[in-house]
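Colleague: Enclosed is the structure file protein.pdb (PDB, C-alpha atoms, pLDDT in the B column).
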MODEL        1
ATOM      1  CA  MET A   1     173.949  74.960 104.417  1.00 68.00           C
ATOM      2  CA  THR A   2     170.681  75.402 102.793  1.00 88.00           C
ATOM      3  CA  ARG A   3     167.896  77.518 104.052  1.00 86.00           C
ATOM      4  CA  ASN A   4     165.697  74.589 105.097  1.00 85.00           C
ATOM      5  CA  ARG A   5     168.500  73.046 107.192  1.00 88.00           C
ATOM      6  CA  ILE A   6     169.001  76.321 109.045  1.00 87.00           C
ATOM      7  CA  ILE A   7     165.274  76.660 109.687  1.00 83.00           C
ATOM      8  CA  ASN A   8     164.906  73.026 110.794  1.00 84.00           C
ATOM      9  CA  GLY A   9     167.966  73.306 113.039  1.00 84.00           C
ATOM     10  CA  SER A  10     166.701  76.386 114.831  1.00 85.00           C
ATOM     11  CA  ASP A  11     165.648  76.146 118.497  1.00 83.00           C
ATOM     12  CA  LEU A  12     162.466  78.068 117.649  1.00 83.00           C
ATOM     13  CA  TYR A  13     161.500  75.788 114.772  1.00 82.00           C
ATOM     14  CA  GLY A  14     158.815  73.895 116.697  1.00 79.00           C
ATOM     15  CA  LYS A  15     157.204  77.067 117.997  1.00 78.00           C
ATOM     16  CA  TYR A  16     157.058  79.147 114.815  1.00 76.00           C
ATOM     17  CA  GLU A  17     156.844  76.590 112.044  1.00 75.00           C
ATOM     18  CA  THR A  18     153.075  76.886 111.505  1.00 77.00           C
ATOM     19  CA  GLU A  19     151.152  80.017 110.637  1.00 74.00           C
ATOM     20  CA  ILE A  20     148.575  80.835 113.236  1.00 75.00           C
ATOM     21  CA  ASP A  21     147.209  84.221 112.192  1.00 72.00           C
ATOM     22  CA  ASN A  22     147.659  85.699 108.773  1.00 76.00           C
ATOM     23  CA  GLU A  23     145.645  88.860 109.517  1.00 80.00           C
ATOM     24  CA  SER A  24     147.586  91.736 111.038  1.00 84.00           C
ATOM     25  CA  ALA A  25     146.374  94.068 113.754  1.00 87.00           C
ATOM     26  CA  TYR A  26     146.269  96.865 111.182  1.00 90.00           C
ATOM     27  CA  GLU A  27     143.927  94.842 109.004  1.00 91.00           C
ATOM     28  CA  MET A  28     141.732  94.049 112.002  1.00 91.00           C
ATOM     29  CA  LEU A  29     141.522  97.733 112.922  1.00 93.00           C
ATOM     30  CA  GLN A  30     140.733  98.668 109.323  1.00 95.00           C
ATOM     31  CA  GLU A  31     137.924  96.104 109.234  1.00 94.00           C
ATOM     32  CA  GLU A  32     136.511  97.411 112.518  1.00 95.00           C
ATOM     33  CA  LYS A  33     136.708 100.976 111.221  1.00 96.00           C
ATOM     34  CA  ARG A  34     134.940  99.955 107.996  1.00 96.00           C
ATOM     35  CA  LYS A  35     132.155  98.280 109.983  1.00 95.00           C
ATOM     36  CA  GLU A  36     131.724 101.379 112.156  1.00 95.00           C
ATOM     37  CA  GLU A  37     131.560 103.588 109.067  1.00 96.00           C
ATOM     38  CA  LEU A  38     128.924 101.293 107.525  1.00 95.00           C
ATOM     39  CA  ALA A  39     126.891 101.371 110.734  1.00 94.00           C
ATOM     40  CA  LEU A  40     127.125 105.162 110.864  1.00 95.00           C
ATOM     41  CA  LYS A  41     126.109 105.407 107.219  1.00 95.00           C
ATOM     42  CA  ARG A  42     123.109 103.127 107.836  1.00 95.00           C
ATOM     43  CA  GLU A  43     122.066 105.206 110.848  1.00 94.00           C
ATOM     44  CA  GLN A  44     122.300 108.371 108.760  1.00 95.00           C
ATOM     45  CA  GLU A  45     120.237 106.782 105.984  1.00 94.00           C
ATOM     46  CA  ILE A  46     117.619 105.662 108.491  1.00 93.00           C
ATOM     47  CA  ALA A  47     117.513 109.123 110.053  1.00 93.00           C
ATOM     48  CA  GLU A  48     117.168 110.702 106.607  1.00 94.00           C
ATOM     49  CA  LYS A  49     114.352 108.321 105.640  1.00 94.00           C
ATOM     50  CA  GLU A  50     112.626 108.982 108.955  1.00 94.00           C
ATOM     51  CA  LYS A  51     112.952 112.723 108.412  1.00 94.00           C
ATOM     52  CA  GLN A  52     111.537 112.385 104.898  1.00 94.00           C
ATOM     53  CA  TRP A  53     108.694 110.216 106.176  1.00 94.00           C
ATOM     54  CA  LYS A  54     107.813 112.767 108.872  1.00 93.00           C
ATOM     55  CA  LYS A  55     107.865 115.538 106.272  1.00 93.00           C
ATOM     56  CA  GLU A  56     105.537 113.552 103.992  1.00 93.00           C
ATOM     57  CA  GLU A  57     103.257 112.738 106.939  1.00 93.00           C
ATOM     58  CA  LYS A  58     103.066 116.415 107.841  1.00 92.00           C
ATOM     59  CA  GLU A  59     102.201 117.277 104.228  1.00 92.00           C
ATOM     60  CA  ARG A  60      99.477 114.604 104.191  1.00 90.00           C
ATOM     61  CA  GLU A  61      98.041 115.992 107.422  1.00 90.00           C
ATOM     62  CA  GLN A  62      98.009 119.501 105.976  1.00 89.00           C
ATOM     63  CA  GLU A  63      96.308 118.249 102.807  1.00 87.00           C
ATOM     64  CA  SER A  64      93.783 116.365 104.915  1.00 84.00           C
ATOM     65  CA  LYS A  65      93.046 119.450 107.021  1.00 81.00           C
ATOM     66  CA  ALA A  66      92.689 121.554 103.883  1.00 78.00           C
ATOM     67  CA  ALA A  67      90.309 118.996 102.360  1.00 74.00           C
ATOM     68  CA  LYS A  68      88.226 118.887 105.547  1.00 73.00           C
ATOM     69  CA  LYS A  69      88.123 122.655 105.712  1.00 71.00           C
ATOM     70  CA  LYS A  70      87.119 122.864 102.083  1.00 67.00           C
ATOM     71  CA  GLY A  71      84.511 120.137 102.607  1.00 60.00           C
ATOM     72  CA  ASN A  72      83.022 122.018 105.576  1.00 61.00           C
ATOM     73  CA  GLN A  73      82.693 125.223 103.578  1.00 63.00           C
ATOM     74  CA  THR A  74      79.628 124.364 101.539  1.00 66.00           C
ATOM     75  CA  SER A  75      78.434 126.986  99.148  1.00 75.00           C
ATOM     76  CA  TYR A  76      75.360 129.114  99.750  1.00 78.00           C
ATOM     77  CA  PHE A  77      73.559 127.380  96.885  1.00 80.00           C
ATOM     78  CA  GLN A  78      74.216 123.946  98.412  1.00 83.00           C
ATOM     79  CA  LYS A  79      72.872 125.066 101.784  1.00 83.00           C
ATOM     80  CA  VAL A  80      69.691 126.522 100.256  1.00 84.00           C
ATOM     81  CA  THR A  81      69.133 123.427  98.110  1.00 87.00           C
ATOM     82  CA  SER A  82      69.660 121.094 101.050  1.00 87.00           C
ATOM     83  CA  SER A  83      67.242 123.049 103.207  1.00 89.00           C
ATOM     84  CA  ALA A  84      64.569 123.113 100.487  1.00 90.00           C
ATOM     85  CA  VAL A  85      64.827 119.383  99.806  1.00 91.00           C
ATOM     86  CA  THR A  86      64.568 118.650 103.522  1.00 92.00           C
ATOM     87  CA  SER A  87      61.462 120.830 103.898  1.00 91.00           C
ATOM     88  CA  ILE A  88      59.756 119.320 100.848  1.00 91.00           C
ATOM     89  CA  GLY A  89      60.511 115.784 102.019  1.00 90.00           C
ATOM     90  CA  ARG A  90      59.204 116.504 105.479  1.00 91.00           C
ATOM     91  CA  GLU A  91      55.962 118.027 104.119  1.00 90.00           C
ATOM     92  CA  LEU A  92      55.339 115.134 101.696  1.00 88.00           C
ATOM     93  CA  GLY A  93      55.951 112.617 104.468  1.00 88.00           C
ATOM     94  CA  ARG A  94      53.562 114.430 106.775  1.00 88.00           C
ATOM     95  CA  GLN A  95      50.787 114.528 104.118  1.00 87.00           C
ATOM     96  CA  PHE A  96      51.294 110.843 103.293  1.00 84.00           C
ATOM     97  CA  VAL A  97      50.988 109.794 106.935  1.00 84.00           C
ATOM     98  CA  ARG A  98      47.904 111.991 107.440  1.00 84.00           C
ATOM     99  CA  GLY A  99      46.313 110.428 104.377  1.00 81.00           C
ATOM    100  CA  LEU A 100      46.987 106.895 105.653  1.00 76.00           C
ATOM    101  CA  MET A 101      45.716 107.670 109.109  1.00 77.00           C
ATOM    102  CA  GLY A 102      42.635 109.374 107.695  1.00 76.00           C
ATOM    103  CA  SER A 103      41.800 106.377 105.509  1.00 74.00           C
ATOM    104  CA  LEU A 104      42.307 103.953 108.411  1.00 71.00           C
ATOM    105  CA  LYS A 105      40.083 106.011 110.673  1.00 67.00           C
ATOM    106  CA  LYS A 106      37.060 105.735 108.359  1.00 59.00           C
TER     107      LYS A 106
ENDMDL
END
Turn this file's structure into structure tokens for me.
Modeller:
Amino acid sequence: MTRNRIINGSDLYGKYETEIDNESAYEMLQEEKRKEELALKREQEIAEKEKQWKKEEKEREQESKAAKKKGNQTSYFQKVTSSAVTSIGRELGRQFVRGLMGSLKK
């Protein structure tokens, strides 16, 4: 007897003659494990990027605070100059308005 005759003559031939699933449980578990590892790796990458972003944000805030602090600390010369220019401008404006009003009054 040949192999095919034995297989065809078997009582289980009709039930097991076609392949239904060619992927084993082991392969399914390995695929699930691989997916979980990928998800964990992605979560770790996201957490690392978020941590890096927060660190950079904190550095930017510190730089911004330092720039504001430095900007608020004007030098003595700048303060004196600003005050003098303001006083001169105010005095010239006052004299100009008095001159206009005086000429209109006559």
Colleague: What does the distance from atom CA of A:Ser64 to atom CA of A:Lys49 come to in Å, to one decimal?
Modeller: 22.1 Å
Colleague: Mind giving me the straight-line distance from atom CA of A:Gly89 to atom CA of A:Ser75 in Å, one decimal?
Modeller: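 Separation of atom CA of A:Gly89 and atom CA of A:Ser75: 21.3 Å.
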Colleague: Listed atoms of stretch 49-61 of chain A, axis-aligned box, 8 Å per side: centre and edge lengths to one decimal in Å, as JSON?
Modeller:
{"center_x": 106.2, "center_y": 112.8, "center_z": 106.5, "size_x": 32.3, "size_y": 25.0, "size_z": 21.0}
Colleague: Report, in Å to a single decimal, how far apart atom CA of A:Val80 and atom CA of A:Glu63 are.
Modeller: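 Computing the Euclidean distance for atom CA of A:Glu63 and atom CA of A:Val80 yields 28.0 Å.
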